[in-house]
>>> print(open('structure-v9.pdb').read())   # PDB, N, CA and C atoms
ATOM      1  N   MET I   8     -16.269 112.721  54.186
ATOM      2  CA  MET I   8     -16.824 113.517  55.259
ATOM      3  C   MET I   8     -16.469 114.981  55.027
ATOM      4  N   ILE I   9     -17.428 115.863  55.191
ATOM      5  CA  ILE I   9     -17.247 117.296  55.006
ATOM      6  C   ILE I   9     -16.808 117.918  56.331
ATOM      7  N   PRO I  10     -15.693 118.665  56.349
ATOM      8  CA  PRO I  10     -15.286 119.303  57.608
ATOM      9  C   PRO I  10     -16.267 120.398  58.010
ATOM     10  N   ARG I  11     -16.521 120.480  59.288
ATOM     11  CA  ARG I  11     -17.419 121.496  59.817
ATOM     12  C   ARG I  11     -16.669 122.265  60.897
ATOM     13  N   ASP I  12     -16.378 123.522  60.638
ATOM     14  CA  ASP I  12     -15.578 124.316  61.567
ATOM     15  C   ASP I  12     -16.413 125.003  62.634
ATOM     16  N   LEU I  13     -17.694 125.197  62.375
ATOM     17  CA  LEU I  13     -18.571 125.890  63.317
ATOM     18  C   LEU I  13     -19.172 124.881  64.291
ATOM     19  N   ASN I  14     -19.007 125.152  65.581
ATOM     20  CA  ASN I  14     -19.559 124.264  66.602
ATOM     21  C   ASN I  14     -21.031 124.596  66.812
ATOM     22  N   LEU I  15     -21.841 123.583  67.079
ATOM     23  CA  LEU I  15     -23.277 123.774  67.271
ATOM     24  C   LEU I  15     -23.574 124.852  68.311
ATOM     25  N   LYS I  16     -22.905 124.791  69.452
ATOM     26  CA  LYS I  16     -23.199 125.756  70.528
ATOM     27  C   LYS I  16     -22.938 127.190  70.089
ATOM     28  N   ASP I  17     -22.013 127.400  69.165
ATOM     29  CA  ASP I  17     -21.700 128.747  68.700
ATOM     30  C   ASP I  17     -22.660 129.218  67.599
ATOM     31  N   ALA I  18     -23.456 128.308  67.060
ATOM     32  CA  ALA I  18     -24.399 128.646  65.991
ATOM     33  C   ALA I  18     -25.803 128.905  66.526
ATOM     34  N   LEU I  19     -26.001 128.711  67.829
ATOM     35  CA  LEU I  19     -27.330 128.859  68.421
ATOM     36  C   LEU I  19     -27.551 130.253  68.981
ATOM     37  N   PHE I  20     -28.796 130.702  68.922
ATOM     38  CA  PHE I  20     -29.194 131.973  69.512
ATOM     39  C   PHE I  20     -30.372 131.700  70.429
ATOM     40  N   ARG I  21     -30.309 132.264  71.595
ATOM     41  CA  ARG I  21     -31.337 132.030  72.606
ATOM     42  C   ARG I  21     -32.725 132.381  72.087
ATOM     43  N   ASP I  22     -33.674 131.492  72.330
ATOM     44  CA  ASP I  22     -35.098 131.662  71.988
ATOM     45  C   ASP I  22     -35.364 131.799  70.494
ATOM     46  N   LYS I  23     -34.448 131.356  69.657
ATOM     47  CA  LYS I  23     -34.680 131.367  68.212
ATOM     48  C   LYS I  23     -35.031 129.936  67.787
ATOM     49  N   PRO I  24     -36.117 129.763  67.021
ATOM     50  CA  PRO I  24     -36.479 128.408  66.573
ATOM     51  C   PRO I  24     -35.330 127.760  65.787
ATOM     52  N   ILE I  25     -35.205 126.462  65.929
ATOM     53  CA  ILE I  25     -34.116 125.745  65.272
ATOM     54  C   ILE I  25     -34.608 124.386  64.798
ATOM     55  N   THR I  26     -34.117 123.976  63.663
ATOM     56  CA  THR I  26     -34.329 122.622  63.162
ATOM     57  C   THR I  26     -32.953 122.012  62.960
ATOM     58  N   ILE I  27     -32.762 120.812  63.472
ATOM     59  CA  ILE I  27     -31.462 120.153  63.372
ATOM     60  C   ILE I  27     -31.616 118.882  62.546
ATOM     61  N   LEU I  28     -30.758 118.736  61.560
ATOM     62  CA  LEU I  28     -30.691 117.494  60.785
ATOM     63  C   LEU I  28     -29.539 116.672  61.349
ATOM     64  N   ILE I  29     -29.815 115.453  61.731
ATOM     65  CA  ILE I  29     -28.790 114.541  62.241
ATOM     66  C   ILE I  29     -28.460 113.563  61.126
ATOM     67  N   SER I  30     -27.192 113.472  60.798
ATOM     68  CA  SER I  30     -26.806 112.572  59.705
ATOM     69  C   SER I  30     -26.874 111.116  60.157
ATOM     70  N   PRO I  31     -27.074 110.231  59.205
ATOM     71  CA  PRO I  31     -26.969 108.809  59.537
ATOM     72  C   PRO I  31     -25.502 108.488  59.819
ATOM     73  N   GLU I  32     -25.262 107.355  60.459
ATOM     74  CA  GLU I  32     -23.868 106.958  60.682
ATOM     75  C   GLU I  32     -23.190 106.852  59.327
ATOM     76  N   GLY I  33     -22.033 107.477  59.206
ATOM     77  CA  GLY I  33     -21.350 107.503  57.930
ATOM     78  C   GLY I  33     -21.516 108.833  57.210
ATOM     79  N   ASP I  34     -22.325 109.733  57.766
ATOM     80  CA  ASP I  34     -22.514 111.093  57.269
ATOM     81  C   ASP I  34     -23.530 111.176  56.142
ATOM     82  N   PHE I  35     -23.924 112.416  55.827
ATOM     83  CA  PHE I  35     -24.789 112.681  54.682
ATOM     84  C   PHE I  35     -23.967 112.503  53.412
ATOM     85  N   SER I  36     -24.645 112.246  52.317
ATOM     86  CA  SER I  36     -23.952 112.201  51.028
ATOM     87  C   SER I  36     -23.640 113.636  50.604
ATOM     88  N   ILE I  37     -22.737 113.807  49.669
ATOM     89  CA  ILE I  37     -22.407 115.131  49.149
ATOM     90  C   ILE I  37     -23.671 115.794  48.590
ATOM     91  N   ARG I  38     -24.489 115.036  47.905
ATOM     92  CA  ARG I  38     -25.739 115.574  47.334
ATOM     93  C   ARG I  38     -26.680 116.062  48.438
ATOM     94  N   GLU I  39     -26.808 115.277  49.514
ATOM     95  CA  GLU I  39     -27.675 115.667  50.628
ATOM     96  C   GLU I  39     -27.160 116.930  51.313
ATOM     97  N   ILE I  40     -25.855 117.037  51.466
ATOM     98  CA  ILE I  40     -25.262 118.224  52.081
ATOM     99  C   ILE I  40     -25.518 119.447  51.209
ATOM    100  N   LYS I  41     -25.326 119.301  49.910
ATOM    101  CA  LYS I  41     -25.561 120.414  48.984
ATOM    102  C   LYS I  41     -27.021 120.871  49.058
ATOM    103  N   LEU I  42     -27.955 119.932  49.048
ATOM    104  CA  LEU I  42     -29.378 120.268  49.113
ATOM    105  C   LEU I  42     -29.726 120.959  50.433
ATOM    106  N   ALA I  43     -29.196 120.455  51.537
ATOM    107  CA  ALA I  43     -29.464 121.071  52.836
ATOM    108  C   ALA I  43     -28.950 122.511  52.871
ATOM    109  N   LYS I  44     -27.749 122.729  52.348
ATOM    110  CA  LYS I  44     -27.200 124.088  52.304
ATOM    111  C   LYS I  44     -28.060 124.997  51.436
ATOM    112  N   GLU I  45     -28.537 124.479  50.303
ATOM    113  CA  GLU I  45     -29.412 125.261  49.421
ATOM    114  C   GLU I  45     -30.707 125.649  50.126
ATOM    115  N   LYS I  46     -31.153 124.814  51.059
ATOM    116  CA  LYS I  46     -32.386 125.077  51.810
ATOM    117  C   LYS I  46     -32.137 125.933  53.054
ATOM    118  N   GLY I  47     -30.892 126.360  53.246
ATOM    119  CA  GLY I  47     -30.584 127.268  54.344
ATOM    120  C   GLY I  47     -30.019 126.628  55.599
ATOM    121  N   TYR I  48     -29.776 125.332  55.575
ATOM    122  CA  TYR I  48     -29.184 124.681  56.742
ATOM    123  C   TYR I  48     -27.706 125.028  56.825
ATOM    124  N   LEU I  49     -27.204 125.136  58.033
ATOM    125  CA  LEU I  49     -25.829 125.492  58.291
ATOM    126  C   LEU I  49     -25.091 124.267  58.829
ATOM    127  N   PRO I  50     -24.033 123.829  58.170
ATOM    128  CA  PRO I  50     -23.305 122.664  58.695
ATOM    129  C   PRO I  50     -22.531 123.032  59.960
ATOM    130  N   VAL I  51     -22.723 122.235  60.990
ATOM    131  CA  VAL I  51     -22.040 122.462  62.266
ATOM    132  C   VAL I  51     -21.478 121.152  62.795
ATOM    133  N   SER I  52     -20.646 121.272  63.804
ATOM    134  CA  SER I  52     -20.025 120.125  64.454
ATOM    135  C   SER I  52     -20.459 120.075  65.911
ATOM    136  N   MET I  53     -20.425 118.883  66.473
ATOM    137  CA  MET I  53     -20.652 118.739  67.909
ATOM    138  C   MET I  53     -19.384 118.223  68.581
ATOM    139  N   GLY I  54     -18.266 118.432  67.928
ATOM    140  CA  GLY I  54     -16.984 118.019  68.489
ATOM    141  C   GLY I  54     -16.266 117.040  67.583
ATOM    142  N   ARG I  55     -15.085 116.630  68.019
ATOM    143  CA  ARG I  55     -14.249 115.749  67.196
ATOM    144  C   ARG I  55     -14.646 114.281  67.272
ATOM    145  N   ASN I  56     -15.353 113.906  68.318
ATOM    146  CA  ASN I  56     -15.742 112.506  68.465
ATOM    147  C   ASN I  56     -16.930 112.182  67.569
ATOM    148  N   ARG I  57     -16.900 111.009  66.956
ATOM    149  CA  ARG I  57     -18.024 110.558  66.144
ATOM    150  C   ARG I  57     -19.070 109.949  67.075
ATOM    151  N   LEU I  58     -20.303 110.423  66.941
ATOM    152  CA  LEU I  58     -21.383 109.940  67.795
ATOM    153  C   LEU I  58     -22.332 109.051  66.996
ATOM    154  N   ARG I  59     -22.920 108.093  67.663
ATOM    155  CA  ARG I  59     -23.984 107.313  67.032
ATOM    156  C   ARG I  59     -25.152 108.260  66.779
ATOM    157  N   THR I  60     -25.968 107.940  65.801
ATOM    158  CA  THR I  60     -27.089 108.793  65.426
ATOM    159  C   THR I  60     -27.977 109.101  66.627
ATOM    160  N   GLU I  61     -28.304 108.080  67.405
ATOM    161  CA  GLU I  61     -29.182 108.258  68.561
ATOM    162  C   GLU I  61     -28.553 109.187  69.591
ATOM    163  N   THR I  62     -27.268 109.022  69.822
ATOM    164  CA  THR I  62     -26.560 109.849  70.789
ATOM    165  C   THR I  62     -26.429 111.281  70.284
ATOM    166  N   ALA I  63     -26.178 111.452  68.999
ATOM    167  CA  ALA I  63     -26.046 112.792  68.414
ATOM    168  C   ALA I  63     -27.331 113.595  68.612
ATOM    169  N   ALA I  64     -28.475 112.961  68.453
ATOM    170  CA  ALA I  64     -29.748 113.661  68.643
ATOM    171  C   ALA I  64     -29.912 114.123  70.091
ATOM    172  N   ILE I  65     -29.538 113.285  71.039
ATOM    173  CA  ILE I  65     -29.637 113.650  72.455
ATOM    174  C   ILE I  65     -28.680 114.793  72.776
ATOM    175  N   VAL I  66     -27.454 114.723  72.280
ATOM    176  CA  VAL I  66     -26.469 115.776  72.521
ATOM    177  C   VAL I  66     -26.946 117.096  71.903
ATOM    178  N   ALA I  67     -27.475 117.039  70.691
ATOM    179  CA  ALA I  67     -27.958 118.253  70.017
ATOM    180  C   ALA I  67     -29.107 118.883  70.796
ATOM    181  N   CYS I  68     -30.064 118.083  71.211
ATOM    182  CA  CYS I  68     -31.211 118.612  71.968
ATOM    183  C   CYS I  68     -30.770 119.172  73.317
ATOM    184  N   THR I  69     -29.841 118.520  73.968
ATOM    185  CA  THR I  69     -29.329 118.998  75.250
ATOM    186  C   THR I  69     -28.584 120.322  75.074
ATOM    187  N   THR I  70     -27.803 120.426  74.018
ATOM    188  CA  THR I  70     -27.070 121.665  73.742
ATOM    189  C   THR I  70     -28.047 122.813  73.527
ATOM    190  N   VAL I  71     -29.095 122.595  72.748
ATOM    191  CA  VAL I  71     -30.111 123.623  72.514
ATOM    192  C   VAL I  71     -30.780 124.003  73.824
ATOM    193  N   ALA I  72     -31.120 123.028  74.650
ATOM    194  CA  ALA I  72     -31.779 123.303  75.930
ATOM    195  C   ALA I  72     -30.871 124.116  76.855
ATOM    196  N   ILE I  73     -29.606 123.804  76.885
ATOM    197  CA  ILE I  73     -28.666 124.552  77.736
ATOM    198  C   ILE I  73     -28.567 125.997  77.279
ATOM    199  N   ILE I  74     -28.467 126.219  75.981
ATOM    200  CA  ILE I  74     -28.390 127.584  75.457
ATOM    201  C   ILE I  74     -29.677 128.346  75.766
ATOM    202  N   ASN I  75     -30.825 127.714  75.571
ATOM    203  CA  ASN I  75     -32.097 128.398  75.789
ATOM    204  C   ASN I  75     -32.422 128.632  77.259
ATOM    205  N   ASN I  76     -31.891 127.821  78.125
ATOM    206  CA  ASN I  76     -32.197 127.956  79.548
ATOM    207  C   ASN I  76     -31.063 128.613  80.331
ATOM    208  N   GLY I  77     -30.014 129.049  79.603
ATOM    209  CA  GLY I  77     -28.826 129.583  80.276
ATOM    210  C   GLY I  77     -28.877 130.989  80.627
TER     211      GLY I  77
END
>>> encode(input="structure-v9.pdb", output="structure tokens")
Amino acid sequence: MIPRDLNLKDALFRDKPITILISPEGDFSIREIKLAKEKGYLPVSMGRNRLRTETAAIVACTTVAIINNG
């Protein structure tokens, strides 16, 4: 697992388009992480707790909505 020091909420900017990649349970492979970074994706965390893939997507979308509507 790759450590991610930047929290999702701190990486968001109001009204800026965003695409979020949610890893499968067990995380992305090192190769997938490298490719995503090469394509401009920024690795972020949603906290210390491990979330199921389905839950992570809901939390990510809710976080974006809170930032955009705040």
>>> atom_distance(input="structure-v9.pdb", atom1="CA of Lys16 in chain I", atom2="CA of Thr60 in chain I")
18.1 Å
>>> closest_residue(input="structure-v9.pdb", among="I:Ile29, I:Ala72, I:Ala43, I:Ile37", to="Arg59 in chain I", atoms="only C-alpha atoms")
I:Ile29
>>> closest_residue(input="structure-v9.pdb", among="I:Ala67, I:Ile74, I:Val51, I:Ile40", to="Leu13 in chain I", atoms="all atoms listed in the file")
I:Val51
>>> resolve_selection(input="structure-v9.pdb", expression="the PyMOL selection byres (((chain I and resi 57 and name CA) around 12) and name CA)", output="MDAnalysis selection string")
chainID I and resid 8 30:34 52:56 58:63 66
>>> select_by_dssp(input="structure-v9.pdb", residues="chain I", states="alpha helix (DSSP H)", output="mmCIF file with N, CA and C atoms, keeping the file's coordinate frame")
data_model
loop_
_atom_site.group_PDB
_atom_site.id
_atom_site.type_symbol
_atom_site.label_atom_id
_atom_site.label_comp_id
_atom_site.auth_asym_id
_atom_site.auth_seq_id
_atom_site.Cartn_x
_atom_site.Cartn_y
_atom_site.Cartn_z
ATOM 1 N N LEU I 15 -21.841 123.583 67.079
ATOM 2 C CA LEU I 15 -23.277 123.774 67.271
ATOM 3 C C LEU I 15 -23.574 124.852 68.311
ATOM 4 N N LYS I 16 -22.905 124.791 69.452
ATOM 5 C CA LYS I 16 -23.199 125.756 70.528
ATOM 6 C C LYS I 16 -22.938 127.190 70.089
ATOM 7 N N ASP I 17 -22.013 127.400 69.165
ATOM 8 C CA ASP I 17 -21.700 128.747 68.700
ATOM 9 C C ASP I 17 -22.660 129.218 67.599
ATOM 10 N N ALA I 18 -23.456 128.308 67.060
ATOM 11 C CA ALA I 18 -24.399 128.646 65.991
ATOM 12 C C ALA I 18 -25.803 128.905 66.526
ATOM 13 N N ILE I 37 -22.737 113.807 49.669
ATOM 14 C CA ILE I 37 -22.407 115.131 49.149
ATOM 15 C C ILE I 37 -23.671 115.794 48.590
ATOM 16 N N ARG I 38 -24.489 115.036 47.905
ATOM 17 C CA ARG I 38 -25.739 115.574 47.334
ATOM 18 C C ARG I 38 -26.680 116.062 48.438
ATOM 19 N N GLU I 39 -26.808 115.277 49.514
ATOM 20 C CA GLU I 39 -27.675 115.667 50.628
ATOM 21 C C GLU I 39 -27.160 116.930 51.313
ATOM 22 N N ILE I 40 -25.855 117.037 51.466
ATOM 23 C CA ILE I 40 -25.262 118.224 52.081
ATOM 24 C C ILE I 40 -25.518 119.447 51.209
ATOM 25 N N LYS I 41 -25.326 119.301 49.910
ATOM 26 C CA LYS I 41 -25.561 120.414 48.984
ATOM 27 C C LYS I 41 -27.021 120.871 49.058
ATOM 28 N N LEU I 42 -27.955 119.932 49.048
ATOM 29 C CA LEU I 42 -29.378 120.268 49.113
ATOM 30 C C LEU I 42 -29.726 120.959 50.433
ATOM 31 N N ALA I 43 -29.196 120.455 51.537
ATOM 32 C CA ALA I 43 -29.464 121.071 52.836
ATOM 33 C C ALA I 43 -28.950 122.511 52.871
ATOM 34 N N LYS I 44 -27.749 122.729 52.348
ATOM 35 C CA LYS I 44 -27.200 124.088 52.304
ATOM 36 C C LYS I 44 -28.060 124.997 51.436
ATOM 37 N N GLU I 45 -28.537 124.479 50.303
ATOM 38 C CA GLU I 45 -29.412 125.261 49.421
ATOM 39 C C GLU I 45 -30.707 125.649 50.126
ATOM 40 N N THR I 60 -25.968 107.940 65.801
ATOM 41 C CA THR I 60 -27.089 108.793 65.426
ATOM 42 C C THR I 60 -27.977 109.101 66.627
ATOM 43 N N GLU I 61 -28.304 108.080 67.405
ATOM 44 C CA GLU I 61 -29.182 108.258 68.561
ATOM 45 C C GLU I 61 -28.553 109.187 69.591
ATOM 46 N N THR I 62 -27.268 109.022 69.822
ATOM 47 C CA THR I 62 -26.560 109.849 70.789
ATOM 48 C C THR I 62 -26.429 111.281 70.284
ATOM 49 N N ALA I 63 -26.178 111.452 68.999
ATOM 50 C CA ALA I 63 -26.046 112.792 68.414
ATOM 51 C C ALA I 63 -27.331 113.595 68.612
ATOM 52 N N ALA I 64 -28.475 112.961 68.453
ATOM 53 C CA ALA I 64 -29.748 113.661 68.643
ATOM 54 C C ALA I 64 -29.912 114.123 70.091
ATOM 55 N N ILE I 65 -29.538 113.285 71.039
ATOM 56 C CA ILE I 65 -29.637 113.650 72.455
ATOM 57 C C ILE I 65 -28.680 114.793 72.776
ATOM 58 N N VAL I 66 -27.454 114.723 72.280
ATOM 59 C CA VAL I 66 -26.469 115.776 72.521
ATOM 60 C C VAL I 66 -26.946 117.096 71.903
ATOM 61 N N ALA I 67 -27.475 117.039 70.691
ATOM 62 C CA ALA I 67 -27.958 118.253 70.017
ATOM 63 C C ALA I 67 -29.107 118.883 70.796
ATOM 64 N N CYS I 68 -30.064 118.083 71.211
ATOM 65 C CA CYS I 68 -31.211 118.612 71.968
ATOM 66 C C CYS I 68 -30.770 119.172 73.317
ATOM 67 N N THR I 69 -29.841 118.520 73.968
ATOM 68 C CA THR I 69 -29.329 118.998 75.250
ATOM 69 C C THR I 69 -28.584 120.322 75.074
ATOM 70 N N THR I 70 -27.803 120.426 74.018
ATOM 71 C CA THR I 70 -27.070 121.665 73.742
ATOM 72 C C THR I 70 -28.047 122.813 73.527
ATOM 73 N N VAL I 71 -29.095 122.595 72.748
ATOM 74 C CA VAL I 71 -30.111 123.623 72.514
ATOM 75 C C VAL I 71 -30.780 124.003 73.824
ATOM 76 N N ALA I 72 -31.120 123.028 74.650
ATOM 77 C CA ALA I 72 -31.779 123.303 75.930
ATOM 78 C C ALA I 72 -30.871 124.116 76.855
ATOM 79 N N ILE I 73 -29.606 123.804 76.885
ATOM 80 C CA ILE I 73 -28.666 124.552 77.736
ATOM 81 C C ILE I 73 -28.567 125.997 77.279
ATOM 82 N N ILE I 74 -28.467 126.219 75.981
ATOM 83 C CA ILE I 74 -28.390 127.584 75.457
ATOM 84 C C ILE I 74 -29.677 128.346 75.766
ATOM 85 N N ASN I 75 -30.825 127.714 75.571
ATOM 86 C CA ASN I 75 -32.097 128.398 75.789
ATOM 87 C C ASN I 75 -32.422 128.632 77.259
ATOM 88 N N ASN I 76 -31.891 127.821 78.125
ATOM 89 C CA ASN I 76 -32.197 127.956 79.548
ATOM 90 C C ASN I 76 -31.063 128.613 80.331
#
>>> atom_distance(input="structure-v9.pdb", atom1="CA of Asn76 in chain I", atom2="CA of Gly47 in chain I")
25.3 Å
>>> closest_residue(input="structure-v9.pdb", among="I:Leu28, I:Lys44, I:Leu15, I:Arg21", to="Ala64 in chain I", atoms="only N, CA and C atoms")
I:Leu28
